[in-house]
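The data block below is work-v9.pdb; it holds PDB, C-alpha atoms.
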ATOM      1  CA  MET A   1     -15.779  49.819  10.377
ATOM      2  CA  ARG A   2     -13.437  46.970   9.515
ATOM      3  CA  PHE A   3     -12.629  44.313  12.095
ATOM      4  CA  THR A   4     -10.886  40.955  12.340
ATOM      5  CA  LYS A   5     -11.960  37.962  14.387
ATOM      6  CA  MET A   6      -9.072  35.953  15.870
ATOM      7  CA  GLU A   7      -8.688  33.236  18.475
ATOM      8  CA  GLY A   8      -5.961  31.751  20.628
ATOM      9  CA  CYS A   9      -6.891  28.302  21.948
ATOM     10  CA  GLY A  10     -10.533  29.220  21.415
ATOM     11  CA  ASN A  11     -10.313  32.462  23.419
ATOM     12  CA  ASP A  12     -11.860  34.633  20.692
ATOM     13  CA  TYR A  13     -11.755  38.399  20.417
ATOM     14  CA  ILE A  14     -12.683  41.018  17.848
ATOM     15  CA  TYR A  15      -9.622  43.029  16.785
ATOM     16  CA  ILE A  16      -9.799  46.567  15.426
ATOM     17  CA  ASN A  17      -6.797  48.268  13.852
ATOM     18  CA  GLY A  18      -6.660  51.615  15.655
ATOM     19  CA  PHE A  19      -4.128  52.897  13.114
ATOM     20  CA  GLU A  20      -6.949  52.907  10.544
ATOM     21  CA  GLU A  21     -10.217  53.029  12.509
ATOM     22  CA  GLU A  22     -11.446  55.365  15.262
ATOM     23  CA  VAL A  23     -13.448  53.881  18.122
ATOM     24  CA  LYS A  24     -15.040  56.509  20.368
ATOM     25  CA  TYR A  25     -16.907  54.256  22.810
ATOM     26  CA  PRO A  26     -15.037  50.929  22.966
ATOM     27  CA  ASP A  27     -16.856  49.775  26.110
ATOM     28  CA  MET A  28     -20.264  50.065  24.438
ATOM     29  CA  LEU A  29     -18.941  48.626  21.192
ATOM     30  CA  ALA A  30     -17.511  45.623  23.046
ATOM     31  CA  VAL A  31     -20.941  44.776  24.445
ATOM     32  CA  ALA A  32     -22.672  45.118  21.073
ATOM     33  CA  MET A  33     -20.100  43.251  18.980
ATOM     34  CA  SER A  34     -19.422  40.479  21.502
ATOM     35  CA  GLU A  35     -23.086  39.418  21.695
ATOM     36  CA  ARG A  36     -23.229  36.024  19.998
ATOM     37  CA  HIS A  37     -26.781  36.303  18.595
ATOM     38  CA  PHE A  38     -27.067  39.933  17.475
ATOM     39  CA  GLY A  39     -23.381  40.835  17.151
ATOM     40  CA  VAL A  40     -20.226  39.192  15.862
ATOM     41  CA  GLY A  41     -19.807  36.979  18.911
ATOM     42  CA  ALA A  42     -16.626  37.017  20.999
ATOM     43  CA  ASP A  43     -15.148  37.032  24.477
ATOM     44  CA  GLY A  44     -14.481  40.745  24.011
ATOM     45  CA  LEU A  45     -12.958  43.514  21.936
ATOM     46  CA  VAL A  46      -9.271  44.374  21.417
ATOM     47  CA  LEU A  47      -7.892  47.614  19.978
ATOM     48  CA  ILE A  48      -4.439  47.680  18.341
ATOM     49  CA  LEU A  49      -3.100  51.203  18.829
ATOM     50  CA  PRO A  50       0.043  53.352  18.470
ATOM     51  CA  SER A  51       2.308  53.597  21.516
ATOM     52  CA  GLU A  52       4.868  56.114  22.675
ATOM     53  CA  VAL A  53       6.767  53.549  24.781
ATOM     54  CA  ALA A  54       6.495  50.307  22.785
ATOM     55  CA  ASP A  55       6.009  49.065  19.226
ATOM     56  CA  PHE A  56       2.237  48.829  19.732
ATOM     57  CA  ARG A  57      -0.390  49.348  22.415
ATOM     58  CA  MET A  58      -3.336  47.145  23.327
ATOM     59  CA  ARG A  59      -6.645  47.966  24.974
ATOM     60  CA  MET A  60      -8.964  45.063  25.694
ATOM     61  CA  PHE A  61     -12.600  45.098  26.779
ATOM     62  CA  ASN A  62     -14.551  42.162  28.137
ATOM     63  CA  MET A  63     -17.946  41.268  26.725
ATOM     64  CA  ASP A  64     -19.628  43.195  29.547
ATOM     65  CA  GLY A  65     -17.788  46.377  28.519
ATOM     66  CA  SER A  66     -15.315  46.410  31.417
ATOM     67  CA  GLU A  67     -11.703  47.109  30.483
ATOM     68  CA  GLY A  68      -9.151  44.467  31.396
ATOM     69  CA  GLU A  69      -5.488  45.001  32.155
ATOM     70  CA  MET A  70      -4.117  42.072  30.175
ATOM     71  CA  CYS A  71      -5.019  39.059  28.051
ATOM     72  CA  GLY A  72      -2.367  36.488  27.199
ATOM     73  CA  ASN A  73      -4.218  34.984  24.260
ATOM     74  CA  ALA A  74      -4.908  38.449  22.852
ATOM     75  CA  VAL A  75      -1.263  39.523  22.952
ATOM     76  CA  ARG A  76      -0.317  36.451  20.907
ATOM     77  CA  CYS A  77      -3.006  37.266  18.361
ATOM     78  CA  ILE A  78      -1.755  40.843  18.126
ATOM     79  CA  GLY A  79       1.741  39.533  17.396
ATOM     80  CA  LYS A  80       0.405  37.511  14.483
ATOM     81  CA  TYR A  81      -1.822  40.349  13.271
ATOM     82  CA  VAL A  82       0.803  43.090  13.112
ATOM     83  CA  TYR A  83       3.365  40.834  11.412
ATOM     84  CA  GLU A  84       1.143  39.190   8.821
ATOM     85  CA  ARG A  85      -0.722  42.426   8.046
ATOM     86  CA  GLY A  86       2.569  44.157   7.286
ATOM     87  CA  MET A  87       2.630  46.522  10.272
ATOM     88  CA  THR A  88       6.090  45.273  11.331
ATOM     89  CA  LYS A  89       8.827  42.976  10.088
ATOM     90  CA  LYS A  90      10.323  42.413  13.524
ATOM     91  CA  ASN A  91      10.231  38.941  15.020
ATOM     92  CA  VAL A  92      10.502  40.421  18.523
ATOM     93  CA  ILE A  93       8.061  43.192  19.356
ATOM     94  CA  THR A  94       6.998  45.085  22.465
ATOM     95  CA  LEU A  95       3.378  45.679  23.389
ATOM     96  CA  GLU A  96       2.079  48.248  25.859
ATOM     97  CA  THR A  97      -0.794  47.021  28.053
ATOM     98  CA  LEU A  98      -2.405  48.222  31.258
ATOM     99  CA  GLY A  99      -0.562  45.307  32.866
ATOM    100  CA  GLY A 100       2.841  46.581  31.696
ATOM    101  CA  ILE A 101       4.944  46.280  28.555
ATOM    102  CA  LYS A 102       5.081  42.725  27.194
ATOM    103  CA  THR A 103       7.726  41.325  24.858
ATOM    104  CA  LEU A 104       6.564  38.923  22.147
ATOM    105  CA  GLN A 105       8.789  36.444  20.313
ATOM    106  CA  LEU A 106       7.213  35.509  16.984
ATOM    107  CA  HIS A 107       7.931  31.993  15.692
ATOM    108  CA  ILE A 108       7.816  32.365  11.908
ATOM    109  CA  GLN A 109       7.829  29.786   9.108
ATOM    110  CA  ASN A 110       7.428  30.811   5.465
ATOM    111  CA  ASP A 111       6.418  34.307   6.571
ATOM    112  CA  ILE A 112       3.581  32.893   8.709
ATOM    113  CA  VAL A 113       3.497  33.280  12.503
ATOM    114  CA  ILE A 114       2.893  29.712  13.694
ATOM    115  CA  ALA A 115       3.226  30.456  17.423
ATOM    116  CA  VAL A 116       4.084  33.284  19.779
ATOM    117  CA  THR A 117       6.029  33.271  23.041
ATOM    118  CA  ALA A 118       4.958  36.078  25.334
ATOM    119  CA  ASP A 119       7.078  37.282  28.227
ATOM    120  CA  MET A 120       4.323  37.712  30.779
ATOM    121  CA  GLY A 121       6.656  39.353  33.290
ATOM    122  CA  GLU A 122       7.108  38.593  36.957
ATOM    123  CA  PRO A 123       4.135  37.288  38.908
ATOM    124  CA  ILE A 124       2.834  39.643  41.576
ATOM    125  CA  LEU A 125       2.354  37.862  44.896
ATOM    126  CA  GLU A 126       1.744  40.719  47.361
ATOM    127  CA  ALA A 127      -1.890  40.692  48.464
ATOM    128  CA  ALA A 128      -2.414  44.447  48.194
ATOM    129  CA  GLN A 129      -1.050  44.541  44.648
ATOM    130  CA  ILE A 130      -3.032  41.555  43.317
ATOM    131  CA  PRO A 131      -5.378  42.825  44.912
ATOM    132  CA  VAL A 132      -6.849  40.393  47.436
ATOM    133  CA  ILE A 133      -7.786  40.872  51.070
ATOM    134  CA  SER A 134      -5.437  38.535  52.934
ATOM    135  CA  ASP A 135      -2.740  38.607  55.607
ATOM    136  CA  LYS A 136      -0.777  35.850  53.872
ATOM    137  CA  MET A 137       2.411  36.472  51.869
ATOM    138  CA  PRO A 138       2.273  34.871  49.392
ATOM    139  CA  VAL A 139      -1.451  34.174  49.405
ATOM    140  CA  ILE A 140      -1.415  30.371  49.484
ATOM    141  CA  GLY A 141      -4.272  28.284  50.844
ATOM    142  CA  GLU A 142      -6.534  31.198  51.733
ATOM    143  CA  LYS A 143      -9.966  29.846  52.660
ATOM    144  CA  LEU A 144     -12.696  30.887  50.235
ATOM    145  CA  GLN A 145     -16.282  30.053  51.106
ATOM    146  CA  ILE A 146     -18.390  29.723  47.948
ATOM    147  CA  LEU A 147     -21.957  28.570  48.347
ATOM    148  CA  ASP A 148     -21.827  25.078  49.892
ATOM    149  CA  LYS A 149     -18.061  24.559  49.591
ATOM    150  CA  THR A 150     -14.877  25.930  51.135
ATOM    151  CA  PHE A 151     -11.923  26.091  48.748
ATOM    152  CA  ASP A 152      -8.221  26.707  49.279
ATOM    153  CA  VAL A 153      -7.301  29.506  46.876
ATOM    154  CA  THR A 154      -3.846  30.722  45.836
ATOM    155  CA  CYS A 155      -3.817  34.284  44.500
ATOM    156  CA  VAL A 156      -1.507  35.681  41.822
ATOM    157  CA  SER A 157      -1.534  38.725  39.579
ATOM    158  CA  MET A 158      -0.140  38.552  36.049
ATOM    159  CA  GLY A 159      -1.089  42.180  35.506
ATOM    160  CA  ASN A 160      -4.663  41.181  36.387
ATOM    161  CA  PRO A 161      -5.987  39.345  39.469
ATOM    162  CA  HIS A 162      -6.341  35.556  39.619
ATOM    163  CA  GLY A 163      -7.596  33.105  42.207
ATOM    164  CA  VAL A 164      -6.387  29.546  41.524
ATOM    165  CA  ILE A 165      -8.226  26.577  43.008
ATOM    166  CA  PHE A 166      -6.966  23.000  42.622
ATOM    167  CA  VAL A 167      -9.612  20.345  42.092
ATOM    168  CA  ASP A 168      -9.650  16.593  41.475
ATOM    169  CA  ASP A 169     -11.479  16.780  38.159
ATOM    170  CA  THR A 170     -11.890  19.730  35.792
ATOM    171  CA  GLU A 171     -14.056  17.957  33.221
ATOM    172  CA  HIS A 172     -17.076  17.579  35.487
ATOM    173  CA  PHE A 173     -16.468  20.514  37.836
ATOM    174  CA  GLU A 174     -19.316  23.053  38.039
ATOM    175  CA  VAL A 175     -17.298  26.025  36.817
ATOM    176  CA  GLU A 176     -20.216  28.400  36.271
ATOM    177  CA  LYS A 177     -21.857  27.593  39.618
ATOM    178  CA  TYR A 178     -18.781  28.407  41.663
ATOM    179  CA  GLY A 179     -16.870  30.687  39.293
ATOM    180  CA  LYS A 180     -19.472  33.418  38.963
ATOM    181  CA  VAL A 181     -19.766  33.690  42.750
ATOM    182  CA  ALA A 182     -16.014  33.560  43.369
ATOM    183  CA  GLU A 183     -15.366  36.287  40.755
ATOM    184  CA  VAL A 184     -17.251  38.867  42.811
ATOM    185  CA  HIS A 185     -16.317  37.627  46.280
ATOM    186  CA  PRO A 186     -15.575  40.501  48.708
ATOM    187  CA  MET A 187     -11.998  39.246  49.172
ATOM    188  CA  PHE A 188     -11.312  40.434  45.584
ATOM    189  CA  PRO A 189     -11.713  44.252  45.593
ATOM    190  CA  LYS A 190     -11.458  44.460  41.785
ATOM    191  CA  LYS A 191     -13.085  41.079  41.175
ATOM    192  CA  ALA A 192     -10.890  38.245  39.892
ATOM    193  CA  ASN A 193     -10.401  35.626  37.234
ATOM    194  CA  ILE A 194     -10.968  32.208  38.796
ATOM    195  CA  GLU A 195      -9.023  29.148  37.636
ATOM    196  CA  PHE A 196      -9.981  25.562  38.469
ATOM    197  CA  ALA A 197      -6.958  23.351  37.836
ATOM    198  CA  HIS A 198      -6.085  19.664  38.085
ATOM    199  CA  VAL A 199      -2.461  18.531  38.331
ATOM    200  CA  ILE A 200      -2.033  15.431  36.165
ATOM    201  CA  ASP A 201       1.684  15.049  36.830
ATOM    202  CA  ARG A 202       4.719  17.261  37.404
ATOM    203  CA  THR A 203       4.668  18.589  33.827
ATOM    204  CA  HIS A 204       0.989  18.443  32.850
ATOM    205  CA  MET A 205      -2.169  20.129  34.103
ATOM    206  CA  SER A 206      -5.720  20.691  32.942
ATOM    207  CA  MET A 207      -7.517  23.956  33.648
ATOM    208  CA  ARG A 208     -10.859  25.681  33.174
ATOM    209  CA  VAL A 209     -11.346  29.365  33.768
ATOM    210  CA  TRP A 210     -14.114  31.747  34.747
ATOM    211  CA  GLU A 211     -12.960  35.089  33.383
ATOM    212  CA  ARG A 212     -13.809  38.343  35.079
ATOM    213  CA  GLY A 213     -16.405  40.109  32.969
ATOM    214  CA  SER A 214     -16.762  37.329  30.383
ATOM    215  CA  GLY A 215     -17.740  34.095  32.146
ATOM    216  CA  GLU A 216     -16.213  30.748  31.227
ATOM    217  CA  THR A 217     -13.955  30.975  28.184
ATOM    218  CA  MET A 218     -12.121  28.368  26.139
ATOM    219  CA  ALA A 219      -8.722  29.582  27.347
ATOM    220  CA  CYS A 220      -6.941  32.283  29.347
ATOM    221  CA  GLY A 221      -3.239  32.986  28.907
ATOM    222  CA  THR A 222      -2.790  35.039  32.060
ATOM    223  CA  GLY A 223      -4.856  32.425  33.886
ATOM    224  CA  ALA A 224      -2.630  29.591  32.684
ATOM    225  CA  SER A 225       0.416  31.611  33.750
ATOM    226  CA  ALA A 226      -1.056  32.271  37.192
ATOM    227  CA  THR A 227      -1.998  28.603  37.523
ATOM    228  CA  LEU A 228       1.572  27.453  36.939
ATOM    229  CA  VAL A 229       2.869  29.941  39.520
ATOM    230  CA  ALA A 230       0.248  28.770  42.008
ATOM    231  CA  ALA A 231       1.095  25.115  41.390
ATOM    232  CA  VAL A 232       4.818  25.748  41.925
ATOM    233  CA  LEU A 233       4.117  27.698  45.112
ATOM    234  CA  ASN A 234       2.104  24.729  46.363
ATOM    235  CA  GLY A 235       4.848  22.257  45.391
ATOM    236  CA  LEU A 236       2.598  20.479  42.902
ATOM    237  CA  CYS A 237       4.570  20.683  39.650
ATOM    238  CA  ASP A 238       7.802  21.676  37.924
ATOM    239  CA  ARG A 239       8.469  25.146  36.551
ATOM    240  CA  LYS A 240       7.687  24.189  32.941
ATOM    241  CA  VAL A 241       4.364  22.558  32.125
ATOM    242  CA  ARG A 242       1.816  21.990  29.400
ATOM    243  CA  ILE A 243      -1.643  23.142  30.398
ATOM    244  CA  GLN A 244      -4.662  21.675  28.629
ATOM    245  CA  LEU A 245      -7.520  24.160  28.266
ATOM    246  CA  LEU A 246     -10.911  23.661  26.651
ATOM    247  CA  GLY A 247      -9.651  25.281  23.451
ATOM    248  CA  GLY A 248      -6.130  23.863  23.225
ATOM    249  CA  THR A 249      -2.773  23.592  24.954
ATOM    250  CA  LEU A 250      -0.395  26.268  26.220
ATOM    251  CA  GLU A 251       3.209  25.778  27.272
ATOM    252  CA  ILE A 252       4.039  27.818  30.379
ATOM    253  CA  GLU A 253       7.449  28.279  32.015
ATOM    254  CA  TRP A 254       8.322  30.189  35.194
ATOM    255  CA  ARG A 255      12.059  30.712  34.846
ATOM    256  CA  GLU A 256      14.238  30.895  37.915
ATOM    257  CA  SER A 257      16.857  32.906  36.024
ATOM    258  CA  ASP A 258      14.747  36.067  35.734
ATOM    259  CA  ASN A 259      11.550  35.203  37.662
ATOM    260  CA  HIS A 260       9.509  35.833  34.499
ATOM    261  CA  VAL A 261       6.678  33.661  33.216
ATOM    262  CA  TYR A 262       6.788  32.720  29.519
ATOM    263  CA  MET A 263       3.755  31.522  27.605
ATOM    264  CA  THR A 264       3.921  29.848  24.178
ATOM    265  CA  GLY A 265       0.865  29.043  22.123
ATOM    266  CA  PRO A 266      -0.983  29.468  18.829
ATOM    267  CA  ALA A 267      -2.855  32.415  17.348
ATOM    268  CA  ARG A 268      -5.223  32.118  14.408
ATOM    269  CA  PHE A 269      -7.290  34.301  12.105
ATOM    270  CA  SER A 270     -10.979  33.434  11.907
ATOM    271  CA  PHE A 271     -12.320  36.023   9.464
ATOM    272  CA  ASP A 272     -12.416  39.698   8.487
ATOM    273  CA  GLY A 273     -15.630  41.689   8.433
ATOM    274  CA  VAL A 274     -17.282  45.088   8.300
ATOM    275  CA  TRP A 275     -19.422  46.296  11.226
ATOM    276  CA  LEU A 276     -22.480  48.101   9.837
ATOM    277  CA  ARG A 277     -24.559  48.903  12.922
TER     278      ARG A 277
END
Have the structure of the file written as structure tokens, please.
Amino acid sequence: MRFTKMEGCGNDYIYINGFEEEVKYPDMLAVAMSERHFGVGADGLVLILPSEVADFRMRMFNMDGSEGEMCGNAVRCIGKYVYERGMTKKNVITLETLGGIKTLQLHIQNDIVIAVTADMGEPILEAAQIPVISDKMPVIGEKLQILDKTFDVTCVSMGNPHGVIFVDDTEHFEVEKYGKVAEVHPMFPKKANIEFAHVIDRTHMSMRVWERGSGETMACGTGASATLVAAVLNGLCDRKVRIQLLGGTLEIEWRESDNHVYMTGPARFSFDGVWLR
């Protein structure tokens, strides 16, 4: 079975062209291929599939085999894949995900996709739809007791659930210690991605993320989008910022004109391979 390894700001996934390959058990395959010692090594598995309602359809599976609704870095990589592999010649494509249909603007130079802007849609702020157990609307400053600390968490869904916590320093913060407990906290009925963010100034932030089902990753596009929304809701930054992640920088904008969040960032090929197991 042929596959392609790609990454967006270090958030690496294995991509399989579902137009050419058949995957019967993607959850089990995600676990096997994502293992970094005995498999290919990745944050998960992404299938590029036909769609009846969009140009393409995406299914993404975390490294533990659980299926996720959305992945911002993966949608950018799919945009690059389908254009450069000759599956489309459009510079604006639509992509069906479990988190809704996303529109991708491909930035092309010399027939190479150098960046992709993804319309991430409107942020979901209602507690029941995120979902999070809270009486707040929106869910700003909800107290979250994790081990020896109590955090103020702001909750947002970008098609998948996020809990954003603002800290004084992301570089030395114990992301694994607190993230793995927060992910499965009872206040998140479907678990949650947990972002730890530091506001540098009104237009710059740094962020680290503990992803649901994958652990800490180098980047998270939906997480960066949720972090900007959370920061604006808390009055901490402007509506357009650059967010520094472990694997690179994303530009995120929450437009007042349509209430949509737009994410711009890179997508890169790592290598092609054949899975033999």
Between A:Leu245, A:Val113, A:Met158, A:Leu144, which has the minimum distance to Gly68 in chain A (counting all atoms listed in the file)?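 Smallest separation from Gly68 in chain A among the options: A:Met158.
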Nearest residue to Val167 in chain A from the set A:Ala197, A:Met187, A:Val153, A:Ala219 (distances using all atoms listed in the file):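 For Val167 in chain A, the nearest of the given residues is A:Ala197.
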Distance in Å - CA of Ser206 in chain A versus CA of Ile243 in chain A: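 Distance reported for this atom pair: 5.4 Å.
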Could you expand the PyMOL selection byres ((chain A and resi 53-65) around 8) into the explicit residues it covers here, written as a VMD selection string? chain A and resid 26 to 31 34 to 35 42 to 52 66 to 71 75 93 to 98 101 212 to 214
Quick one: write out the picked residues with C-alpha atoms as a PDB file, in the coordinates of the input?
ATOM      1  CA  PRO A  26     -15.037  50.929  22.966  1.00  0.00           C
ATOM      2  CA  ASP A  27     -16.856  49.775  26.110  1.00  0.00           C
ATOM      3  CA  MET A  28     -20.264  50.065  24.438  1.00  0.00           C
ATOM      4  CA  LEU A  29     -18.941  48.626  21.192  1.00  0.00           C
ATOM      5  CA  ALA A  30     -17.511  45.623  23.046  1.00  0.00           C
ATOM      6  CA  VAL A  31     -20.941  44.776  24.445  1.00  0.00           C
ATOM      7  CA  SER A  34     -19.422  40.479  21.502  1.00  0.00           C
ATOM      8  CA  GLU A  35     -23.086  39.418  21.695  1.00  0.00           C
ATOM      9  CA  ALA A  42     -16.626  37.017  20.999  1.00  0.00           C
ATOM     10  CA  ASP A  43     -15.148  37.032  24.477  1.00  0.00           C
ATOM     11  CA  GLY A  44     -14.481  40.745  24.011  1.00  0.00           C
ATOM     12  CA  LEU A  45     -12.958  43.514  21.936  1.00  0.00           C
ATOM     13  CA  VAL A  46      -9.271  44.374  21.417  1.00  0.00           C
ATOM     14  CA  LEU A  47      -7.892  47.614  19.978  1.00  0.00           C
ATOM     15  CA  ILE A  48      -4.439  47.680  18.341  1.00  0.00           C
ATOM     16  CA  LEU A  49      -3.100  51.203  18.829  1.00  0.00           C
ATOM     17  CA  PRO A  50       0.043  53.352  18.470  1.00  0.00           C
ATOM     18  CA  SER A  51       2.308  53.597  21.516  1.00  0.00           C
ATOM     19  CA  GLU A  52       4.868  56.114  22.675  1.00  0.00           C
ATOM     20  CA  SER A  66     -15.315  46.410  31.417  1.00  0.00           C
ATOM     21  CA  GLU A  67     -11.703  47.109  30.483  1.00  0.00           C
ATOM     22  CA  GLY A  68      -9.151  44.467  31.396  1.00  0.00           C
ATOM     23  CA  GLU A  69      -5.488  45.001  32.155  1.00  0.00           C
ATOM     24  CA  MET A  70      -4.117  42.072  30.175  1.00  0.00           C
ATOM     25  CA  CYS A  71      -5.019  39.059  28.051  1.00  0.00           C
ATOM     26  CA  VAL A  75      -1.263  39.523  22.952  1.00  0.00           C
ATOM     27  CA  ILE A  93       8.061  43.192  19.356  1.00  0.00           C
ATOM     28  CA  THR A  94       6.998  45.085  22.465  1.00  0.00           C
ATOM     29  CA  LEU A  95       3.378  45.679  23.389  1.00  0.00           C
ATOM     30  CA  GLU A  96       2.079  48.248  25.859  1.00  0.00           C
ATOM     31  CA  THR A  97      -0.794  47.021  28.053  1.00  0.00           C
ATOM     32  CA  LEU A  98      -2.405  48.222  31.258  1.00  0.00           C
ATOM     33  CA  ILE A 101       4.944  46.280  28.555  1.00  0.00           C
ATOM     34  CA  ARG A 212     -13.809  38.343  35.079  1.00  0.00           C
ATOM     35  CA  GLY A 213     -16.405  40.109  32.969  1.00  0.00           C
ATOM     36  CA  SER A 214     -16.762  37.329  30.383  1.00  0.00           C
TER      37      SER A 214
END
Of the candidates A:His185, A:His107, A:Lys190, A:Lys177, which shows the shortest atom-to-atom distance to Gln129 in chain A, using only C-alpha atoms? A:Lys190
By how many Å are CA of Val181 in chain A and CA of Asp168 in chain A apart? 19.9 Å
Can you list what the PyMOL selection byres ((chain A and resi 89) around 12) grabs from this structure, as a list in words?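 Checked against the file, the PyMOL selection byres ((chain A and resi 89) around 12) matches Asp55, Gly79, Lys80, Tyr81, Val82, Tyr83, Glu84, Arg85, Gly86, Met87, Thr88, Lys90, Asn91, Val92, Ile93, Leu106, Ile108, Asp111, Ile112 and Val113 of chain A.
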Between A:Pro189, A:His204, A:Gly100, A:Val175, smallest distance to Ile133 in chain A by only C-alpha atoms belongs to A:Pro189
Atom-to-atom span, CA of His198 in chain A and CA of Ile124 in chain A, Å: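 For CA of His198 in chain A relative to CA of Ile124 in chain A, the distance reads 22.2 Å.
For the structure in this document, the set picked by the PyMOL selection byres ((chain A and resi 241) around 7) is A:Thr203, A:His204, A:Asp238, A:Arg239, A:Lys240, A:Arg242, A:Ile243, A:Glu251, A:Ile252, A:Glu253.
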Hey, what's within 10 Å of Ala192 in chain A if we count all atoms listed in the file and toss same-chain stuff fewer than 3 positions away? As a PyMOL selection string, please? chain A and resi 130-132+155-157+160-164+179-180+182-185+187-189+195+210-213
Would you write out, as CSV, a table of all residues in range 49-80 of chain A that have an atom no more than 8 Å from an atom of range 1-9 of chain A, listing for each the closest atom pair and the distance in Å to one decimal, considering all atoms listed in the file and ordering rows by chain and rising residue number?
residue,atom,partner,partner_atom,distance
A:Asn73,CA,A:Gly8,CA,5.2
A:Ala74,CA,A:Gly8,CA,7.1
A:Arg76,CA,A:Gly8,CA,7.4
A:Cys77,CA,A:Gly8,CA,6.7
Find, counting only C-alpha atoms, the residue in A:Tyr178, A:Tyr25, A:Phe269, A:Phe38 that gets nearest to Asn11 in chain A.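 The answer is A:Phe269, which sits nearest to Asn11 in chain A.
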What lies within 8 Å of Val261 in chain A using all atoms listed in the file, ignoring chain neighbours under 6 positions off, as a PDB file with C-alpha atoms, in the frame of the given file?
ATOM      1  CA  ASP A 119       7.078  37.282  28.227  1.00  0.00           C
ATOM      2  CA  MET A 120       4.323  37.712  30.779  1.00  0.00           C
ATOM      3  CA  GLY A 121       6.656  39.353  33.290  1.00  0.00           C
ATOM      4  CA  GLU A 122       7.108  38.593  36.957  1.00  0.00           C
ATOM      5  CA  PRO A 123       4.135  37.288  38.908  1.00  0.00           C
ATOM      6  CA  SER A 225       0.416  31.611  33.750  1.00  0.00           C
ATOM      7  CA  ILE A 252       4.039  27.818  30.379  1.00  0.00           C
ATOM      8  CA  GLU A 253       7.449  28.279  32.015  1.00  0.00           C
ATOM      9  CA  TRP A 254       8.322  30.189  35.194  1.00  0.00           C
ATOM     10  CA  ARG A 255      12.059  30.712  34.846  1.00  0.00           C
TER      11      ARG A 255
END
Proximity to Glu216 in chain A - best of A:Gly18, A:Gly247, A:Gly265, A:Gly39, all atoms listed in the file: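 Once distances to Glu216 in chain A are computed over all atoms listed in the file, the minimum belongs to A:Gly247.
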Box in all listed atoms of range 188-204 of chain A, axis-aligned, with 3 Å more on each side; write out centre and edge lengths in Å to one decimal as lines of an AutoDock Vina configuration file.
center_x = -4.2
center_y = 29.8
center_z = 39.2
size_x = 23.8
size_y = 35.4
size_z = 18.7
What would range 248-258 of chain A look like if you wrote it out as a compact mmCIF listing (two decimals), in the first residue's frame, with N, CA, C and O atoms included, from the block I just posted?
# COMPACT_ATOMS: atom_id res chain seq x y z
N GLY A 248 6.75 25.60 14.14
CA GLY A 248 6.70 26.71 13.18
C GLY A 248 5.65 27.72 13.58
O GLY A 248 5.13 27.72 14.70
N THR A 249 5.32 28.60 12.63
CA THR A 249 4.42 29.72 12.91
C THR A 249 3.19 29.65 12.02
O THR A 249 3.29 29.38 10.82
N LEU A 250 2.03 29.90 12.62
CA LEU A 250 0.78 30.01 11.88
C LEU A 250 0.22 31.42 12.03
O LEU A 250 0.35 32.04 13.09
N GLU A 251 -0.39 31.90 10.96
CA GLU A 251 -1.08 33.19 11.01
C GLU A 251 -2.58 32.92 11.12
O GLU A 251 -3.15 32.23 10.28
N ILE A 252 -3.19 33.45 12.17
CA ILE A 252 -4.61 33.18 12.44
C ILE A 252 -5.36 34.51 12.49
O ILE A 252 -4.90 35.46 13.12
N GLU A 253 -6.52 34.54 11.84
CA GLU A 253 -7.37 35.74 11.85
C GLU A 253 -8.81 35.34 12.13
O GLU A 253 -9.34 34.44 11.49
N TRP A 254 -9.43 36.02 13.08
CA TRP A 254 -10.86 35.85 13.36
C TRP A 254 -11.56 37.11 12.85
O TRP A 254 -11.55 38.14 13.48
N ARG A 255 -12.15 36.99 11.66
CA ARG A 255 -12.71 38.16 10.99
C ARG A 255 -14.07 38.55 11.56
O ARG A 255 -14.94 37.70 11.75
N GLU A 256 -14.23 39.82 11.79
CA GLU A 256 -15.52 40.33 12.26
C GLU A 256 -16.56 40.28 11.16
O GLU A 256 -17.75 40.14 11.43
N SER A 257 -16.12 40.39 9.90
CA SER A 257 -17.05 40.51 8.78
C SER A 257 -17.93 39.26 8.62
O SER A 257 -19.10 39.38 8.26
N ASP A 258 -17.38 38.09 8.86
CA ASP A 258 -18.16 36.86 8.68
C ASP A 258 -18.07 35.91 9.88
O ASP A 258 -18.65 34.82 9.85
